[in-house]
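Novice: So here's data.cif (mmCIF, C-alpha atoms).
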data_query
#
loop_
_atom_site.group_PDB
_atom_site.id
_atom_site.type_symbol
_atom_site.label_atom_id
_atom_site.label_comp_id
_atom_site.auth_asym_id
_atom_site.auth_seq_id
_atom_site.Cartn_x
_atom_site.Cartn_y
_atom_site.Cartn_z
ATOM 1 C CA MET O 1 -48.668 -8.163 -1.470
ATOM 2 C CA SER O 2 -46.611 -9.147 -4.519
ATOM 3 C CA PRO O 3 -43.714 -11.622 -4.210
ATOM 4 C CA SER O 4 -41.269 -8.876 -5.175
ATOM 5 C CA SER O 5 -42.442 -6.520 -2.443
ATOM 6 C CA MET O 6 -42.436 -9.377 0.081
ATOM 7 C CA LEU O 7 -38.813 -10.130 -0.813
ATOM 8 C CA ASP O 8 -37.910 -6.449 -0.554
ATOM 9 C CA ASP O 9 -39.599 -6.254 2.851
ATOM 10 C CA LEU O 10 -37.798 -9.399 4.034
ATOM 11 C CA ALA O 11 -34.466 -8.071 2.781
ATOM 12 C CA SER O 12 -34.943 -4.751 4.559
ATOM 13 C CA ARG O 13 -35.898 -6.530 7.793
ATOM 14 C CA LEU O 14 -32.830 -8.768 7.544
ATOM 15 C CA ARG O 15 -30.594 -5.727 6.955
ATOM 16 C CA ALA O 16 -32.107 -3.988 9.974
ATOM 17 C CA PHE O 17 -31.639 -7.119 12.085
ATOM 18 C CA ALA O 18 -28.025 -7.537 10.951
ATOM 19 C CA ALA O 19 -27.276 -3.879 11.647
ATOM 20 C CA ASP O 20 -28.452 -4.265 15.255
ATOM 21 C CA SER O 21 -26.797 -7.628 15.883
ATOM 22 C CA PRO O 22 -23.720 -8.262 18.046
ATOM 23 C CA ALA O 23 -21.893 -9.339 14.873
ATOM 24 C CA ALA O 24 -22.268 -5.829 13.459
ATOM 25 C CA ASP O 25 -20.940 -4.370 16.710
ATOM 26 C CA PHE O 26 -18.005 -6.773 16.584
ATOM 27 C CA GLU O 27 -17.275 -5.818 12.973
ATOM 28 C CA ARG O 28 -17.360 -2.091 13.791
ATOM 29 C CA ASN O 29 -15.104 -2.599 16.810
ATOM 30 C CA ALA O 30 -12.698 -4.825 14.854
ATOM 31 C CA ARG O 31 -12.486 -2.274 12.042
ATOM 32 C CA ALA O 32 -11.802 0.524 14.522
ATOM 33 C CA MET O 33 -9.154 -1.520 16.315
ATOM 34 C CA LEU O 34 -7.421 -2.529 13.070
ATOM 35 C CA GLY O 35 -7.584 1.034 11.773
ATOM 36 C CA ASN O 36 -5.966 2.251 14.981
ATOM 37 C CA MET O 37 -3.227 -0.399 14.762
ATOM 38 C CA PHE O 38 -2.477 0.399 11.118
ATOM 39 C CA SER O 39 -2.332 4.127 11.820
ATOM 40 C CA ARG O 40 0.411 3.509 14.389
ATOM 41 C CA LEU O 41 2.507 1.508 11.915
ATOM 42 C CA ASP O 42 4.909 3.293 9.622
ATOM 43 C CA LEU O 43 3.227 2.220 6.377
ATOM 44 C CA VAL O 44 3.490 3.835 2.958
ATOM 45 C CA THR O 45 1.183 3.699 -0.017
ATOM 46 C CA ARG O 46 2.046 1.609 -3.051
ATOM 47 C CA GLU O 47 2.472 4.782 -5.106
ATOM 48 C CA GLU O 48 4.957 6.223 -2.606
ATOM 49 C CA PHE O 49 6.856 2.924 -2.501
ATOM 50 C CA ASP O 50 7.055 2.791 -6.311
ATOM 51 C CA ALA O 51 8.251 6.408 -6.464
ATOM 52 C CA GLN O 52 10.994 5.710 -3.925
ATOM 53 C CA ALA O 53 12.001 2.560 -5.838
ATOM 54 C CA ARG O 54 12.404 4.664 -9.013
ATOM 55 C CA VAL O 55 14.525 7.229 -7.150
ATOM 56 C CA LEU O 56 16.678 4.429 -5.742
ATOM 57 C CA ALA O 57 17.161 2.884 -9.209
ATOM 58 C CA GLN O 58 18.222 6.266 -10.618
ATOM 59 C CA THR O 59 20.621 6.812 -7.718
ATOM 60 C CA ARG O 60 22.176 3.377 -8.203
ATOM 61 C CA SER O 61 22.595 4.033 -11.903
ATOM 62 C CA GLN O 62 24.299 7.360 -11.210
ATOM 63 C CA LEU O 63 26.533 5.730 -8.586
ATOM 64 C CA ASP O 64 27.608 3.065 -11.102
ATOM 65 C CA ARG O 65 28.508 5.765 -13.653
ATOM 66 C CA LEU O 66 30.482 7.731 -11.068
ATOM 67 C CA GLU O 67 32.343 4.603 -9.906
ATOM 68 C CA GLN O 68 33.332 3.836 -13.502
ATOM 69 C CA ARG O 69 34.495 7.400 -13.997
ATOM 70 C CA LEU O 70 36.512 7.322 -10.778
ATOM 71 C CA ALA O 71 38.104 3.997 -11.743
ATOM 72 C CA ALA O 72 39.108 5.491 -15.098
ATOM 73 C CA LEU O 73 40.636 8.536 -13.385
ATOM 74 C CA GLU O 74 42.521 6.398 -10.858
ATOM 75 C CA ALA O 75 43.817 3.944 -13.457
ATOM 76 C CA PRO O 76 47.546 4.231 -14.182
ATOM 77 C CA PRO O 77 48.277 6.143 -17.374
ATOM 78 C CA ASP O 78 48.763 4.103 -20.516
ATOM 79 C CA PRO O 79 52.512 4.168 -21.292
ATOM 80 C CA GLY O 80 51.849 3.877 -25.020
ATOM 81 C CA VAL O 81 50.126 7.239 -25.160
#
Could you render the structure from this file as structure tokens?

Specialist:
Amino acid sequence: MSPSSMLDDLASRLRAFAADSPAADFERNARAMLGNMFSRLDLVTREEFDAQARVLAQTRSQLDRLEQRLAALEAPPDPGV
């Protein structure tokens, strides 16, 4: 048996052992539990967050323009005109 095939055989045996170990069961259970917890949280993706941030920035900009326009309309008339 060549050294390469011996290493491949050892690696496959170690993978099989690790897959059947209690640590693998713990990892699967932990992943399932965390996935369940995260699904119950009200989380959004980064893309959705960035899109909402852009909408908010546009809304704030429009609000600033409207406030300036309202202030100009409410200002007392210039007596010199």

Novice: As an exercise, work out the distance from CA of Glu27 (chain O) to CA of Leu43 (chain O) in Å and give it to one decimal place.

Specialist: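 It comes out at 23.0 Å.
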
Novice: Would you mind reading off the distance between CA of Asp25 (chain O) and CA of Asp9 (chain O), one decimal, in Å?

Specialist: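 Taking CA of Asp25 (chain O) and CA of Asp9 (chain O), their separation equals 23.3 Å.
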
Novice: Figure out the distance between CA of Ser39 (chain O) and CA of Ala18 (chain O), please, to one decimal in Å.

Specialist: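 Between CA of Ala18 (chain O) and CA of Ser39 (chain O) the gap is 28.2 Å.
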
Novice: Around region 1-16 of chain O, fit a box with edges along x, y and z, padding it by 6 Å on each side, then list its centre and edge lengths in Å to one decimal as AutoDock Vina command-line options.

Specialist:
--center_x -39.6 --center_y -7.8 --center_z 2.4 --size_x 30.1 --size_y 19.6 --size_z 27.1
